[in-house]
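**Q** Next comes the structure file data.cif, holding mmCIF, C-alpha atoms and all ligand atoms.
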data_work
#
loop_
_atom_site.label_atom_id
_atom_site.label_comp_id
_atom_site.auth_asym_id
_atom_site.auth_seq_id
_atom_site.Cartn_x
_atom_site.Cartn_y
_atom_site.Cartn_z
CA MET E 194 86.68 122.17 97.53
CA PRO E 195 88.15 123.01 100.98
CA GLU E 196 86.96 126.16 102.75
CA PRO E 197 88.95 129.17 101.51
CA GLY E 198 91.85 129.82 103.89
CA ALA E 199 91.39 126.42 105.61
CA ALA E 200 94.59 124.55 106.41
CA PRO E 201 95.23 121.83 103.80
CA ARG E 202 94.38 118.30 104.94
CA ARG E 203 97.64 116.46 105.51
CA SER E 204 98.51 112.75 105.64
CA PRO E 205 99.61 111.25 108.99
CA GLN E 206 103.15 111.84 107.69
CA GLY E 207 102.39 115.58 107.22
CA VAL E 208 102.13 115.66 103.41
CA PRO E 209 99.25 117.79 101.99
CA TYR E 210 96.77 115.52 100.23
CA SER E 211 96.75 118.08 97.41
CA ASP E 212 100.23 116.69 96.64
CA LEU E 213 99.19 113.02 96.86
CA PRO E 214 96.94 110.80 94.71
CA HIS E 215 93.89 110.21 96.92
CA ILE E 216 90.16 109.66 97.14
CA VAL E 217 87.85 111.00 99.86
CA ASN E 218 85.65 108.29 101.36
CA ALA E 219 82.02 108.58 102.45
CA ASP E 220 83.12 109.70 105.93
CA GLY E 221 85.26 112.50 104.48
CA LEU E 222 88.53 110.70 105.19
CA HIS E 223 91.36 111.02 102.65
CA LEU E 224 92.69 107.67 101.40
CA PHE E 225 96.13 107.60 99.77
CA CYS E 226 96.05 105.85 96.37
CA ARG E 227 98.59 104.22 94.08
CA TYR E 228 98.18 103.61 90.35
CA TRP E 229 100.28 101.53 87.97
CA GLU E 230 99.13 102.44 84.45
CA PRO E 231 100.43 100.63 81.36
CA THR E 232 101.60 102.79 78.44
CA GLY E 233 99.19 101.32 75.90
CA GLN E 234 95.50 100.39 76.10
CA PRO E 235 94.92 98.49 79.34
CA ARG E 236 93.40 94.99 79.08
CA ALA E 237 91.89 94.83 82.56
CA LEU E 238 91.63 96.59 85.92
CA VAL E 239 93.21 94.99 89.00
CA PHE E 240 92.43 96.27 92.51
CA ILE E 241 94.87 95.24 95.25
CA ALA E 242 93.60 95.07 98.87
CA HIS E 243 96.41 95.08 101.46
CA GLY E 244 96.22 93.51 104.92
CA ALA E 245 95.99 94.67 108.52
CA GLY E 246 98.69 97.04 109.72
CA GLU E 247 100.46 97.31 106.35
CA HIS E 248 99.87 99.54 103.30
CA CYS E 249 99.80 99.21 99.50
CA GLY E 250 103.45 100.19 98.92
CA PRO E 251 104.85 96.67 99.41
CA TYR E 252 102.70 95.50 96.44
CA ASP E 253 104.76 97.58 93.99
CA GLU E 254 106.67 94.61 92.56
CA MET E 255 103.48 92.62 92.05
CA ALA E 256 101.78 95.64 90.47
CA GLN E 257 104.74 96.30 88.16
CA ARG E 258 104.55 92.71 86.88
CA LEU E 259 100.83 93.13 86.19
CA LYS E 260 101.42 96.53 84.54
CA GLU E 261 103.97 94.91 82.21
CA LEU E 262 101.11 92.69 81.02
CA SER E 263 99.08 95.80 80.14
CA LEU E 264 96.92 95.60 83.23
CA LEU E 265 95.92 98.79 85.03
CA VAL E 266 96.58 98.23 88.73
CA PHE E 267 95.25 100.42 91.52
CA ALA E 268 95.16 100.35 95.31
CA HIS E 269 94.69 102.55 98.34
CA ASP E 270 95.78 102.48 101.98
CA HIS E 271 92.68 101.44 103.96
CA VAL E 272 91.32 103.85 106.58
CA GLY E 273 93.73 104.01 109.53
CA HIS E 274 96.62 102.56 107.51
CA GLY E 275 99.76 103.93 105.86
CA GLN E 276 99.30 107.38 104.34
CA SER E 277 95.51 107.45 104.76
CA GLU E 278 93.57 109.25 107.46
CA GLY E 279 91.89 107.49 110.38
CA ASP E 280 92.87 106.06 113.76
CA ARG E 281 95.72 103.60 113.29
CA MET E 282 94.40 100.06 112.69
CA ASN E 283 91.03 100.85 114.19
CA ILE E 284 87.65 100.65 112.49
CA LYS E 285 84.15 100.92 113.86
CA ASP E 286 82.76 98.60 111.21
CA PHE E 287 84.65 96.24 108.86
CA GLN E 288 82.10 97.19 106.19
CA ILE E 289 83.91 100.55 105.83
CA TYR E 290 86.87 98.76 104.16
CA ILE E 291 84.47 97.12 101.70
CA ARG E 292 82.52 100.33 101.04
CA ASP E 293 85.74 102.27 100.35
CA SER E 294 87.06 99.50 98.06
CA LEU E 295 83.82 99.58 96.06
CA GLN E 296 84.03 103.37 95.85
CA HIS E 297 87.54 103.16 94.37
CA ILE E 298 86.61 100.27 92.05
CA ASP E 299 83.53 102.17 90.82
CA LEU E 300 85.65 105.26 90.17
CA MET E 301 88.09 103.25 88.02
CA LYS E 302 85.25 101.42 86.25
CA SER E 303 83.70 104.79 85.36
CA ARG E 304 87.01 105.72 83.69
CA HIS E 305 87.35 102.36 81.92
CA PRO E 306 83.78 101.04 81.55
CA ASP E 307 84.69 98.26 79.10
CA LEU E 308 87.48 96.63 81.11
CA PRO E 309 87.09 93.44 83.14
CA VAL E 310 87.88 93.85 86.84
CA PHE E 311 89.94 91.60 89.14
CA ILE E 312 90.70 91.86 92.83
CA VAL E 313 93.89 90.64 94.52
CA GLY E 314 93.84 90.48 98.34
CA HIS E 315 96.25 89.36 101.03
CA SER E 316 95.34 88.33 104.61
CA MET E 317 92.77 90.82 105.96
CA GLY E 318 92.80 92.22 102.41
CA GLY E 319 91.67 88.76 101.34
CA ALA E 320 88.65 89.05 103.65
CA ILE E 321 87.94 92.51 102.20
CA SER E 322 88.24 91.05 98.68
CA ILE E 323 85.90 88.12 99.42
CA LEU E 324 83.23 90.31 101.01
CA THR E 325 83.58 92.95 98.26
CA ALA E 326 83.07 90.29 95.56
CA CYS E 327 80.14 88.86 97.55
CA GLU E 328 78.46 92.28 97.48
CA ARG E 329 78.91 92.51 93.69
CA PRO E 330 79.00 88.85 92.54
CA GLY E 331 78.66 89.77 88.87
CA ASP E 332 81.21 92.58 88.80
CA PHE E 333 84.50 90.70 89.06
CA VAL E 334 85.99 88.36 86.50
CA GLY E 335 88.19 86.81 89.17
CA VAL E 336 89.56 87.12 92.69
CA VAL E 337 93.11 86.16 93.71
CA LEU E 338 93.61 85.46 97.41
CA ILE E 339 97.06 85.22 99.00
CA ALA E 340 96.79 83.64 102.47
CA PRO E 341 93.38 85.22 103.03
CA LEU E 342 91.88 85.68 106.46
CA VAL E 343 88.90 83.30 106.21
CA GLN E 344 88.98 81.51 109.55
CA MET E 345 90.44 82.37 112.92
CA ASN E 346 93.58 80.51 113.89
CA PRO E 347 92.08 77.83 116.20
CA GLU E 348 95.18 77.87 118.45
CA SER E 349 94.91 81.62 119.06
CA ALA E 350 91.11 81.79 118.97
CA THR E 351 90.05 79.16 121.45
CA PRO E 352 86.39 79.45 122.62
CA PHE E 353 87.68 80.81 125.94
CA LYS E 354 89.79 83.50 124.23
CA VAL E 355 86.90 84.46 121.93
CA PHE E 356 84.59 84.71 124.95
CA MET E 357 87.13 86.86 126.82
CA ALA E 358 87.67 89.08 123.75
CA LYS E 359 83.89 89.66 123.47
CA LEU E 360 83.71 90.41 127.21
CA LEU E 361 86.70 92.77 127.05
CA ASN E 362 85.27 94.48 123.98
CA HIS E 363 82.34 95.66 126.12
CA MET E 364 84.52 96.71 129.02
CA LEU E 365 87.81 97.93 127.47
CA PRO E 366 87.49 98.05 123.65
CA SER E 367 90.67 100.12 123.32
CA LEU E 368 92.71 97.62 125.31
CA THR E 369 95.42 96.26 123.02
CA MET E 370 96.27 92.61 122.53
CA GLY E 371 99.50 91.39 121.02
CA SER E 372 100.89 92.87 117.82
CA ILE E 373 101.42 90.97 114.55
CA GLU E 374 104.53 88.84 115.04
CA SER E 375 106.62 89.71 111.97
CA LYS E 376 108.74 86.54 112.29
CA TRP E 377 105.75 84.57 110.97
CA LEU E 378 105.37 86.74 107.86
CA SER E 379 108.22 85.24 105.86
CA ARG E 380 111.13 82.79 105.96
CA ASP E 381 113.19 85.48 104.23
CA LYS E 382 114.89 87.47 107.01
CA ARG E 383 115.38 90.45 104.69
CA GLN E 384 111.63 90.66 104.15
CA VAL E 385 110.95 90.51 107.90
CA GLU E 386 113.56 93.23 108.49
CA ALA E 387 112.01 95.39 105.74
CA TYR E 388 108.57 94.96 107.34
CA ASP E 389 109.91 95.87 110.78
CA ALA E 390 111.75 98.91 109.39
CA ASP E 391 108.79 100.18 107.34
CA GLU E 392 107.46 103.18 109.27
CA LEU E 393 104.25 103.10 107.22
CA ASN E 394 103.39 99.78 108.86
CA TYR E 395 101.56 99.80 112.19
CA HIS E 396 103.72 98.06 114.79
CA GLY E 397 101.58 98.65 117.87
CA GLY E 398 99.25 96.25 119.65
CA MET E 399 95.95 95.21 118.11
CA ARG E 400 92.93 96.78 119.83
CA VAL E 401 90.35 94.35 121.17
CA SER E 402 87.71 96.26 119.19
CA PHE E 403 89.68 95.73 115.97
CA GLY E 404 89.98 92.03 116.72
CA MET E 405 86.22 91.92 117.18
CA GLN E 406 85.72 93.49 113.75
CA LEU E 407 88.00 90.83 112.25
CA MET E 408 85.99 88.12 114.02
CA ALA E 409 82.75 89.61 112.69
CA ALA E 410 84.21 89.56 109.18
CA VAL E 411 85.20 85.89 109.66
CA GLU E 412 81.65 85.04 110.81
CA ARG E 413 80.19 86.89 107.79
CA MET E 414 82.45 84.92 105.43
CA GLN E 415 81.35 81.61 106.98
CA ARG E 416 77.79 82.58 106.03
CA GLU E 417 78.68 83.83 102.54
CA ILE E 418 81.09 81.13 101.34
CA PRO E 419 78.44 78.46 100.51
CA SER E 420 76.89 80.86 97.96
CA ILE E 421 80.13 82.04 96.32
CA SER E 422 80.16 81.20 92.59
CA TRP E 423 82.71 83.62 91.13
CA PRO E 424 86.15 82.41 89.89
CA PHE E 425 88.99 82.52 92.38
CA LEU E 426 92.60 81.50 92.87
CA LEU E 427 93.76 80.63 96.39
CA LEU E 428 97.45 80.64 97.35
CA HIS E 429 98.34 79.59 100.90
CA GLY E 430 101.41 78.34 102.79
CA ASP E 431 100.90 75.28 104.99
CA ALA E 432 103.21 76.73 107.68
CA ASP E 433 101.12 79.92 107.95
CA LYS E 434 100.77 80.85 111.64
CA LEU E 435 98.78 84.07 111.11
CA CYS E 436 95.89 82.97 108.90
CA ASP E 437 95.09 79.29 109.14
CA ILE E 438 95.23 77.39 105.84
CA ARG E 439 92.08 75.54 106.92
CA GLY E 440 90.13 78.68 106.02
CA SER E 441 91.33 78.49 102.42
CA ARG E 442 90.64 74.76 102.26
CA MET E 443 87.13 75.36 103.64
CA MET E 444 86.47 78.08 101.04
CA TYR E 445 87.72 75.84 98.24
CA ASP E 446 85.63 72.86 99.42
CA ASN E 447 82.41 74.72 100.31
CA SER E 448 82.02 77.35 97.57
CA LEU E 449 79.80 76.79 94.52
CA SER E 450 82.42 78.15 92.11
CA THR E 451 83.26 75.75 89.28
CA ASP E 452 86.26 77.84 88.22
CA LYS E 453 88.51 77.74 91.27
CA LYS E 454 92.12 76.77 91.99
CA ILE E 455 94.05 76.30 95.21
CA LYS E 456 97.83 76.06 95.35
CA ILE E 457 99.43 75.08 98.66
CA TYR E 458 103.05 76.09 99.29
CA GLU E 459 104.77 73.45 101.42
CA GLY E 460 106.48 75.19 104.34
CA GLY E 461 105.21 78.55 103.11
CA TYR E 462 104.77 81.30 105.68
CA HIS E 463 102.00 83.94 105.71
CA ALA E 464 103.16 86.63 103.25
CA LEU E 465 103.84 84.22 100.36
CA HIS E 466 104.50 87.10 97.94
CA HIS E 467 107.37 88.10 100.26
CA ASP E 468 108.47 84.59 101.29
CA LEU E 469 111.69 82.90 100.03
CA PRO E 470 112.62 84.22 96.54
CA GLU E 471 111.59 81.05 94.73
CA VAL E 472 108.18 81.09 96.46
CA ALA E 473 107.62 84.80 95.84
CA GLU E 474 108.48 84.30 92.16
CA SER E 475 106.15 81.33 91.91
CA VAL E 476 103.33 83.37 93.47
CA LEU E 477 103.85 86.19 90.95
CA LYS E 478 103.87 83.70 88.05
CA GLU E 479 100.76 81.89 89.32
CA LEU E 480 98.88 85.13 89.88
CA THR E 481 99.83 86.83 86.58
CA THR E 482 99.15 83.64 84.58
CA TRP E 483 95.76 83.06 86.23
CA ILE E 484 94.67 86.67 85.69
CA THR E 485 95.75 86.85 82.03
CA GLU E 486 94.11 83.49 81.34
CA HIS E 487 90.87 84.88 82.79
CA ILE E 488 90.75 88.04 80.71
CA PRO E 489 87.77 87.49 78.36
CA ALA E 490 88.73 87.20 74.67
CA ALA E 491 88.05 90.50 72.88
CA THR E 492 84.60 90.58 71.26
CA SER E 493 84.53 91.14 67.47
CA GLN E 494 83.98 94.94 67.62
CA GLU E 495 86.64 95.29 70.40
CA ALA E 496 89.08 93.33 68.24
CA GLN E 497 88.72 95.78 65.35
O1 LIG E 501 102.64 91.11 104.76
C1 LIG E 501 101.90 91.34 105.74
N1 LIG E 501 100.78 90.64 106.05
C2 LIG E 501 100.13 91.21 107.14
C3 LIG E 501 101.10 92.25 107.66
O2 LIG E 501 102.08 92.33 106.64
C4 LIG E 501 99.53 90.29 108.18
C5 LIG E 501 98.33 91.15 108.29
C6 LIG E 501 96.91 90.63 108.36
O3 LIG E 501 96.11 91.14 107.60
N2 LIG E 501 96.53 89.65 109.22
C7 LIG E 501 97.42 88.91 110.14
C8 LIG E 501 96.93 88.96 111.56
C9 LIG E 501 95.49 88.47 111.66
C10 LIG E 501 95.04 88.58 113.11
O4 LIG E 501 93.74 88.06 113.17
C11 LIG E 501 93.04 88.29 114.35
C12 LIG E 501 93.62 88.83 115.48
C13 LIG E 501 92.84 89.02 116.62
C14 LIG E 501 91.51 88.66 116.61
F1 LIG E 501 90.76 88.85 117.71
C15 LIG E 501 90.93 88.13 115.48
C16 LIG E 501 91.71 87.94 114.35
CL1 LIG E 501 91.02 87.29 112.90
C17 LIG E 501 94.61 89.30 110.77
C18 LIG E 501 95.11 89.24 109.33
C19 LIG E 501 98.74 91.74 106.96
#
How does the structure come out when it is put into structure tokens?
Ligand SMILES: O=C1N[C@]2(CO1)C[C@H](C(=O)N1CCC(COc3ccc(F)cc3Cl)CC1)C2
**A**
Amino acid sequence: MPEPGAAPRRSPQGVPYSDLPHIVNADGLHLFCRYWEPTGQPRALVFIAHGAGEHCGPYDEMAQRLKELSLLVFAHDHVGHGQSEGDRMNIKDFQIYIRDSLQHIDLMKSRHPDLPVFIVGHSMGGAISILTACERPGDFVGVVLIAPLVQMNPESATPFKVFMAKLLNHMLPSLTMGSIESKWLSRDKRQVEAYDADELNYHGGMRVSFGMQLMAAVERMQREIPSISWPFLLLHGDADKLCDIRGSRMMYDNSLSTDKKIKIYEGGYHALHHDLPEVAESVLKELTTWITEHIPAATSQEAQ
């Protein structure tokens, strides 16, 4: 409980967290949460991990489709994103995103101990999803990855640029590099315009220190992927300029998982779930079908 008489903690947009669904992370930061709860008995829990600079609001359509299938969907804005506290798109350790995701997942599991759990992650949220599932390999029935950040884009991360980023990180960690070029998110101009107009997205430059945390996460995934054995679905566009498709191909080829599927979208841009309408619809169908097919059949006592 807050100190008596203390000013209420407010979101970056000035809304008291007492008026918003939220959790408080291990560092005392308030994270804004969203929940999509089906009317009847839920069949599974689905955690959605959003990407860098965005927030969990744009996943509403996806979450509604999952809710219609009696799945209980939940998400939060990562530290420093959207309506959560924290320096905008800045993190001292990528592990914080994973720790917070596990905190929220554990909270929902405590409320629904008998439900299977899935994770859906996009881009940096895909990296968070992969590393979260690696920390708890037995906890998740399946992981769905939409254009996950697995490998650096070799054009933008040449050895020279990586060397310079590491050097700059020691000298000027708060120096900003370029911002996320929204034109590469989607071939649908309306989606790009919506992204650019969304004030909950971060449109500033990416700090060198944040880039370093992303690189560290990429290096950690390279080490973890050969021991991955949990089920996953990979969806990636082959015209993705923000997260190279070679990362998804490498994960598919080098993981131990026997239950894995990769679907490549010819000409698809980065945010496939917000790409051309026919692609976005296909992604929703692939994702909802894969998840429902992976919900374990009810055991005899559950069926009664
Ligand atoms: O619909 C959506 N998708 C979003 C936004 O809105 C795209 C964004 C997202 O998460 N990424 C796209 C950019 C990428 C940059 O990567 C780096 C940059 C510097 C560096 F030094 C090392 C790396 Cl790895 C990270 C992943 C989420």
**Q** Neighbourhood query: residues within 8 Å of (83.0, 88.3, 105.8), file coordinates, counting all atoms listed in the file; return as an MDAnalysis selection string.
**A** chainID E and resid 320:321 323:324 343 409:417
**Q** My list of candidates is E:Leu469, E:Ala350, E:Val217, E:Val208. Which is closest to Asp381 (chain E) when distances are computed with only C-alpha atoms?
**A**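 When distances to Asp381 (chain E) are compared using only C-alpha atoms, the smallest one comes from E:Leu469.
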**Q** Between E:His466, E:Ser367, E:Leu222, E:Pro419, single out the one closest to Met443 (chain E), counting all atoms listed in the file.
**A**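 Ranked by minimum distance to Met443 (chain E), first place goes to E:Pro419.
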**Q** With all atoms listed in the file counted, collect every polymer residue having an atom within 8 Å of ligand LIG 501 (chain E); state the result as an mmCIF file with C-alpha atoms, keeping the file's coordinate frame.
**A**
data_model
loop_
_atom_site.group_PDB
_atom_site.id
_atom_site.type_symbol
_atom_site.label_atom_id
_atom_site.label_comp_id
_atom_site.auth_asym_id
_atom_site.auth_seq_id
_atom_site.Cartn_x
_atom_site.Cartn_y
_atom_site.Cartn_z
ATOM 1 C CA HIS E 243 96.410 95.080 101.460
ATOM 2 C CA GLY E 244 96.220 93.510 104.920
ATOM 3 C CA ALA E 245 95.990 94.670 108.520
ATOM 4 C CA GLY E 246 98.690 97.040 109.720
ATOM 5 C CA GLU E 247 100.460 97.310 106.350
ATOM 6 C CA HIS E 315 96.250 89.360 101.030
ATOM 7 C CA SER E 316 95.340 88.330 104.610
ATOM 8 C CA MET E 317 92.770 90.820 105.960
ATOM 9 C CA GLY E 318 92.800 92.220 102.410
ATOM 10 C CA PRO E 341 93.380 85.220 103.030
ATOM 11 C CA LEU E 342 91.880 85.680 106.460
ATOM 12 C CA GLN E 344 88.980 81.510 109.550
ATOM 13 C CA MET E 345 90.440 82.370 112.920
ATOM 14 C CA ASN E 346 93.580 80.510 113.890
ATOM 15 C CA ALA E 350 91.110 81.790 118.970
ATOM 16 C CA VAL E 355 86.900 84.460 121.930
ATOM 17 C CA ALA E 358 87.670 89.080 123.750
ATOM 18 C CA MET E 370 96.270 92.610 122.530
ATOM 19 C CA ILE E 373 101.420 90.970 114.550
ATOM 20 C CA SER E 375 106.620 89.710 111.970
ATOM 21 C CA LEU E 378 105.370 86.740 107.860
ATOM 22 C CA TYR E 388 108.570 94.960 107.340
ATOM 23 C CA ASN E 394 103.390 99.780 108.860
ATOM 24 C CA MET E 399 95.950 95.210 118.110
ATOM 25 C CA VAL E 401 90.350 94.350 121.170
ATOM 26 C CA PHE E 403 89.680 95.730 115.970
ATOM 27 C CA GLY E 404 89.980 92.030 116.720
ATOM 28 C CA MET E 405 86.220 91.920 117.180
ATOM 29 C CA GLN E 406 85.720 93.490 113.750
ATOM 30 C CA LEU E 407 88.000 90.830 112.250
ATOM 31 C CA MET E 408 85.990 88.120 114.020
ATOM 32 C CA VAL E 411 85.200 85.890 109.660
ATOM 33 C CA LEU E 435 98.780 84.070 111.110
ATOM 34 C CA CYS E 436 95.890 82.970 108.900
ATOM 35 C CA HIS E 463 102.000 83.940 105.710
ATOM 36 C CA ALA E 464 103.160 86.630 103.250
ATOM 37 C CA HIS E 467 107.370 88.100 100.260
#
**Q** Taking (92.5, 92.3, 96.8) as a centre in this file's frame and 7 Å as the limit, can you find every polymer residue with an atom that close, using only C-alpha atoms, and give them as an MDAnalysis selection string?
**A** chainID E and resid 240:243 312:315 318:319 322 337:338
**Q** Go ahead and compute the interatomic distance for CA of Lys376 (chain E) and CA of Glu348 (chain E), in Å to one decimal.
**A**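 Pair CA of Lys376 (chain E) / CA of Glu348 (chain E) returns 17.2 Å.
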**Q** Nearest to Ala490 (chain E) among E:Glu374, E:Pro309, E:Pro330, E:Asp293, with distances taken over only C-alpha atoms: which residue is it?
**A** E:Pro309
**Q** Tell me which protein, DNA and RNA residues are within 10 Å of Ser441 (chain E), counting all atoms listed in the file, leaving out same-chain ones fewer than 3 positions away, and put them as a list of chain:residue names.
**A**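 In the requested form, the answer reads E:Leu338, E:Ile339, E:Ala340, E:Pro341, E:Leu342, E:Val343, E:Gln344, E:Leu427, E:Leu428, E:His429, E:Cys436, E:Asp437, E:Ile438, E:Met444, E:Tyr445, E:Asp446, E:Asn447, E:Ile455, E:Lys456, E:Ile457.
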**Q** Take the residues from that selection and write them out as a PDB file, in the frame of the given file, keeping C-alpha atoms.
**A**
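What ended up in again21.pdb:
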ATOM      1  CA  LEU E 338      93.610  85.460  97.410  1.00  0.00           C
ATOM      2  CA  ILE E 339      97.060  85.220  99.000  1.00  0.00           C
ATOM      3  CA  ALA E 340      96.790  83.640 102.470  1.00  0.00           C
ATOM      4  CA  PRO E 341      93.380  85.220 103.030  1.00  0.00           C
ATOM      5  CA  LEU E 342      91.880  85.680 106.460  1.00  0.00           C
ATOM      6  CA  VAL E 343      88.900  83.300 106.210  1.00  0.00           C
ATOM      7  CA  GLN E 344      88.980  81.510 109.550  1.00  0.00           C
ATOM      8  CA  LEU E 427      93.760  80.630  96.390  1.00  0.00           C
ATOM      9  CA  LEU E 428      97.450  80.640  97.350  1.00  0.00           C
ATOM     10  CA  HIS E 429      98.340  79.590 100.900  1.00  0.00           C
ATOM     11  CA  CYS E 436      95.890  82.970 108.900  1.00  0.00           C
ATOM     12  CA  ASP E 437      95.090  79.290 109.140  1.00  0.00           C
ATOM     13  CA  ILE E 438      95.230  77.390 105.840  1.00  0.00           C
ATOM     14  CA  MET E 444      86.470  78.080 101.040  1.00  0.00           C
ATOM     15  CA  TYR E 445      87.720  75.840  98.240  1.00  0.00           C
ATOM     16  CA  ASP E 446      85.630  72.860  99.420  1.00  0.00           C
ATOM     17  CA  ASN E 447      82.410  74.720 100.310  1.00  0.00           C
ATOM     18  CA  ILE E 455      94.050  76.300  95.210  1.00  0.00           C
ATOM     19  CA  LYS E 456      97.830  76.060  95.350  1.00  0.00           C
ATOM     20  CA  ILE E 457      99.430  75.080  98.660  1.00  0.00           C
TER      21      ILE E 457
END
**Q** Measuring atom to atom with all atoms listed in the file, identify which of E:Ala432, E:Ile488, E:Leu238, E:Ala199 is nearest to Asp299 (chain E).
**A**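 Closest residue, counting all atoms listed in the file: E:Leu238.
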**Q** Smallest atom-to-atom distance to His297 (chain E): which of E:Thr325, E:Ser379, E:Gln257, E:Ser448, using all atoms listed in the file?
**A**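 For His297 (chain E), the nearest of the given residues is E:Thr325.
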**Q** Can you tell me how far CA of Lys382 (chain E) sits from CA of Ser349 (chain E), in Å to one decimal?
**A**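 Interatomic distance, CA of Lys382 (chain E) to CA of Ser349 (chain E): 24.1 Å.
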**Q** Please, could N, CA, C and O atoms be added to region 297-309 of chain E and the result written as a PDB file, keeping the file's coordinate frame?
**A**
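File out_11.pdb, as written:
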ATOM      1  N   HIS E 297      86.369 102.999  95.239  1.00  0.00           N
ATOM      2  CA  HIS E 297      87.540 103.160  94.370  1.00  0.00           C
ATOM      3  C   HIS E 297      87.374 102.343  93.082  1.00  0.00           C
ATOM      4  O   HIS E 297      87.661 102.831  91.982  1.00  0.00           O
ATOM      5  N   ILE E 298      86.850 101.125  93.222  1.00  0.00           N
ATOM      6  CA  ILE E 298      86.610 100.270  92.050  1.00  0.00           C
ATOM      7  C   ILE E 298      85.610 100.941  91.108  1.00  0.00           C
ATOM      8  O   ILE E 298      85.825 101.017  89.893  1.00  0.00           O
ATOM      9  N   ASP E 299      84.536 101.502  91.673  1.00  0.00           N
ATOM     10  CA  ASP E 299      83.530 102.170  90.820  1.00  0.00           C
ATOM     11  C   ASP E 299      84.118 103.378  90.113  1.00  0.00           C
ATOM     12  O   ASP E 299      83.792 103.650  88.947  1.00  0.00           O
ATOM     13  N   LEU E 300      85.002 104.092  90.797  1.00  0.00           N
ATOM     14  CA  LEU E 300      85.650 105.260  90.170  1.00  0.00           C
ATOM     15  C   LEU E 300      86.456 104.793  88.949  1.00  0.00           C
ATOM     16  O   LEU E 300      86.339 105.355  87.853  1.00  0.00           O
ATOM     17  N   MET E 301      87.243 103.722  89.133  1.00  0.00           N
ATOM     18  CA  MET E 301      88.090 103.250  88.020  1.00  0.00           C
ATOM     19  C   MET E 301      87.245 102.633  86.914  1.00  0.00           C
ATOM     20  O   MET E 301      87.562 102.770  85.721  1.00  0.00           O
ATOM     21  N   LYS E 302      86.144 101.981  87.284  1.00  0.00           N
ATOM     22  CA  LYS E 302      85.250 101.420  86.250  1.00  0.00           C
ATOM     23  C   LYS E 302      84.602 102.533  85.438  1.00  0.00           C
ATOM     24  O   LYS E 302      84.366 102.397  84.242  1.00  0.00           O
ATOM     25  N   SER E 303      84.319 103.671  86.097  1.00  0.00           N
ATOM     26  CA  SER E 303      83.700 104.790  85.360  1.00  0.00           C
ATOM     27  C   SER E 303      84.684 105.353  84.333  1.00  0.00           C
ATOM     28  O   SER E 303      84.295 105.857  83.285  1.00  0.00           O
ATOM     29  N   ARG E 304      85.983 105.233  84.628  1.00  0.00           N
ATOM     30  CA  ARG E 304      87.010 105.720  83.690  1.00  0.00           C
ATOM     31  C   ARG E 304      87.315 104.709  82.597  1.00  0.00           C
ATOM     32  O   ARG E 304      87.781 105.066  81.523  1.00  0.00           O
ATOM     33  N   HIS E 305      87.050 103.444  82.891  1.00  0.00           N
ATOM     34  CA  HIS E 305      87.350 102.360  81.920  1.00  0.00           C
ATOM     35  C   HIS E 305      86.175 101.384  81.904  1.00  0.00           C
ATOM     36  O   HIS E 305      86.301 100.241  82.338  1.00  0.00           O
ATOM     37  N   PRO E 306      85.010 101.843  81.404  1.00  0.00           N
ATOM     38  CA  PRO E 306      83.780 101.040  81.550  1.00  0.00           C
ATOM     39  C   PRO E 306      83.813  99.691  80.848  1.00  0.00           C
ATOM     40  O   PRO E 306      83.036  98.811  81.200  1.00  0.00           O
ATOM     41  N   ASP E 307      84.718  99.517  79.857  1.00  0.00           N
ATOM     42  CA  ASP E 307      84.690  98.260  79.100  1.00  0.00           C
ATOM     43  C   ASP E 307      85.686  97.223  79.602  1.00  0.00           C
ATOM     44  O   ASP E 307      85.780  96.135  79.030  1.00  0.00           O
ATOM     45  N   LEU E 308      86.432  97.569  80.670  1.00  0.00           N
ATOM     46  CA  LEU E 308      87.480  96.630  81.110  1.00  0.00           C
ATOM     47  C   LEU E 308      86.961  95.663  82.165  1.00  0.00           C
ATOM     48  O   LEU E 308      86.216  96.054  83.068  1.00  0.00           O
ATOM     49  N   PRO E 309      87.399  94.400  82.059  1.00  0.00           N
ATOM     50  CA  PRO E 309      87.090  93.440  83.140  1.00  0.00           C
ATOM     51  C   PRO E 309      87.851  93.832  84.408  1.00  0.00           C
ATOM     52  O   PRO E 309      88.903  94.491  84.315  1.00  0.00           O
TER      53      PRO E 309
END
